[in-house]
Amino acid sequence: QALGLTNSHAVWRVEENLAVFILSVEILLDQHGAKVGLLGFDKDFELSVDFVCAASNMRSFCYGIPPQSKFEVKGMAGNIIHAIATTNAIVAGLIVLEAQKVLLKQFSKNVTTYVQHNPTGGRLLQRIPCDKPNPKCFVCSKAIITLEVDLCKTTLGDLVEKILMKSLAFVEPTVLVGGNIFYESGDDLEEDEVARYATNKGKKLEEVCAGGHMMTVEDYGSDMSVEILVKHKVFEEDAAECFTVKGEVKGASASKDADGQSKGEGEGSGNDEDDDDDDDLCEVVEAAPQKQKRKEADGAQQMGEEKKQKT
């Protein structure tokens with residue numbers, strides 16, 4: 001700034017680079033002389049950026065390499081990718097806009113916005129209505145998970161590592177049965193707690209909970225809490241997975257069939273082995289494209305009109 005070079009996007013001439021280099025060296029020796037040889041590059045330290053920009057441009061001139069502006073040098077030396085920083089800023093702003101709608105309880109106005117790499121029709125942002133909540137998602141709904149596992153062979157450690165963390169994506173699970181904590185993870189545990197939980201990991205699940213007991217699993221790291229109904233089931237020796245996980249919605253009224261019996265009631269119906277309905281499985285459902293949804297809706301409407309005409 002002392003030399004009048006205030007535009008960081010402008011490329012300095014050789015004379016200007018030389019002037020900036022000399023002035024930067026003088027200021028460094030005068031104000032930071034004791035740190036010469038110890039100072040490292042800091043993208044937020046303007047004097048450091050000026051020195052690197054001037055020195056690199058003069059060296060580039062010696063080898064016929066095109067010089068760069070201070071803005072570009074700061075990005076390269078500080079490993080800053082400006083396009084990503086700009087995209088992050090756009091997405092952060094969009095998140096705030098949607099958060100305002102949530103605070104105002106205008107949930108019907110919430111939309112999902114995509115920032116496109118290649119603008120479509122001159123538009124960088126693409127907005128579509130939000131999908132309806134998945135009632136069988138155990139993360140965001142009041143769901144009960146049914147776990148079928150061999151209680152005689154599976155240990156609490158297997159439950160934590162293979163089922164909770166690997167299959168259900170818990171990060172730091174805490175396992176409670178009947179209000180008693182059988183396992184807890186985290187960096188703030190005492191030594192005796194760590195030793196006790198390590199011992200518990202070797203226990204069979206039949207020791208931890210008898211068949212039909214309710215288990216609560218909490219994960220404060222990812223803000224997840226779910227209730228698991230543990231049931232005993234013997235699997236084949238060559239089975240790929242020695243457990244199955246099913247989910248159902250708490251408080252959901254079961255639909256009735258012609259005989260007045262509830263559909264999908266679970267294991268107590270007496271049809272455990274014959275029930276191949278996969279509707280109770282925990283699923284991750286991807287949103288269908290909006291055009292496809294419109295086509296399906298239009299097709300259903302057209303079929304309804306044809307049935308009316310036939311009638």
# chains A, B, ... in the order shown; residues from 1 in each chain; ligands from 1

$ select_by_dssp --residues "stretch 33-276 of chain A" --states "alpha helix (DSSP H)" --output "JSON, numbers by chain"
{"A": [46, 47, 48, 49, 50, 51, 52, 53, 54, 55, 56, 57, 58, 59, 60, 61, 62, 70, 71, 72, 73, 74, 75, 76, 77, 82, 83, 84, 85, 86, 87, 88, 89, 90, 91, 92, 93, 94, 95, 96, 97, 98, 99, 100, 101, 102, 103, 156, 157, 158, 191, 192, 193, 194, 195, 196, 197, 198, 199, 200, 205, 206, 207, 208]}

$ residues_around --residues "A:Val245" --least-positions-apart "6" --cutoff "7 Å" --atoms "only C-alpha atoms" --output "PyMOL selection string"
chain A and resi 145-148+281

$ select_by_dssp --residues "stretch 127-246 of chain A" --states "strand (DSSP E or B)" --output "tab-separated table (two decimals) with C-alpha atoms, in the first residue's frame"
chain	number	residue	atom	x	y	z
A	127	ARG	CA	-34.43	-26.24	-6.36
A	128	ILE	CA	-36.80	-29.17	-5.85
A	129	PRO	CA	-39.38	-29.88	-3.14
A	143	ALA	CA	-38.52	-46.07	15.40
A	144	ILE	CA	-37.94	-49.35	17.13
A	145	ILE	CA	-35.23	-51.58	15.71
A	146	THR	CA	-35.68	-55.33	15.93
A	147	LEU	CA	-32.37	-57.19	16.06
A	148	GLU	CA	-32.33	-60.93	15.44
A	149	VAL	CA	-29.04	-62.43	16.58
A	155	THR	CA	-20.71	-60.97	22.34
A	174	THR	CA	-23.63	-46.17	24.64
A	175	VAL	CA	-25.56	-49.39	25.35
A	176	LEU	CA	-28.16	-49.42	28.14
A	177	VAL	CA	-30.31	-52.36	29.25
A	180	ASN	CA	-27.91	-50.05	33.41
A	181	ILE	CA	-24.99	-48.97	31.20
A	182	PHE	CA	-23.20	-52.02	29.83
A	183	TYR	CA	-20.97	-50.16	27.38
A	204	LYS	CA	-22.32	-63.05	25.53
A	214	MET	CA	-35.39	-53.82	25.18
A	215	MET	CA	-32.01	-52.20	24.65
A	216	THR	CA	-31.39	-48.46	24.32
A	217	VAL	CA	-28.44	-47.24	22.26
A	218	GLU	CA	-27.42	-43.59	22.38
A	219	ASP	CA	-24.74	-41.73	20.46
A	224	MET	CA	-28.79	-40.46	17.70
A	225	SER	CA	-30.90	-42.52	20.07
A	226	VAL	CA	-32.75	-45.72	19.21
A	227	GLU	CA	-34.49	-48.55	21.01
A	228	ILE	CA	-33.56	-52.08	19.96
A	229	LEU	CA	-35.68	-55.15	20.62
A	230	VAL	CA	-33.22	-58.06	20.84
A	231	LYS	CA	-34.48	-61.49	19.76
A	232	HIS	CA	-32.69	-64.81	19.70
A	243	PHE	CA	-27.79	-61.07	12.38
A	244	THR	CA	-30.75	-59.27	10.79
A	245	VAL	CA	-32.00	-55.79	11.53
A	246	LYS	CA	-35.63	-54.78	11.07

$ closest_residue --among "A:Cys152, A:Leu94, A:Ala77, A:Leu104" --to "A:Asp44" --atoms "only C-alpha atoms"
A:Ala77
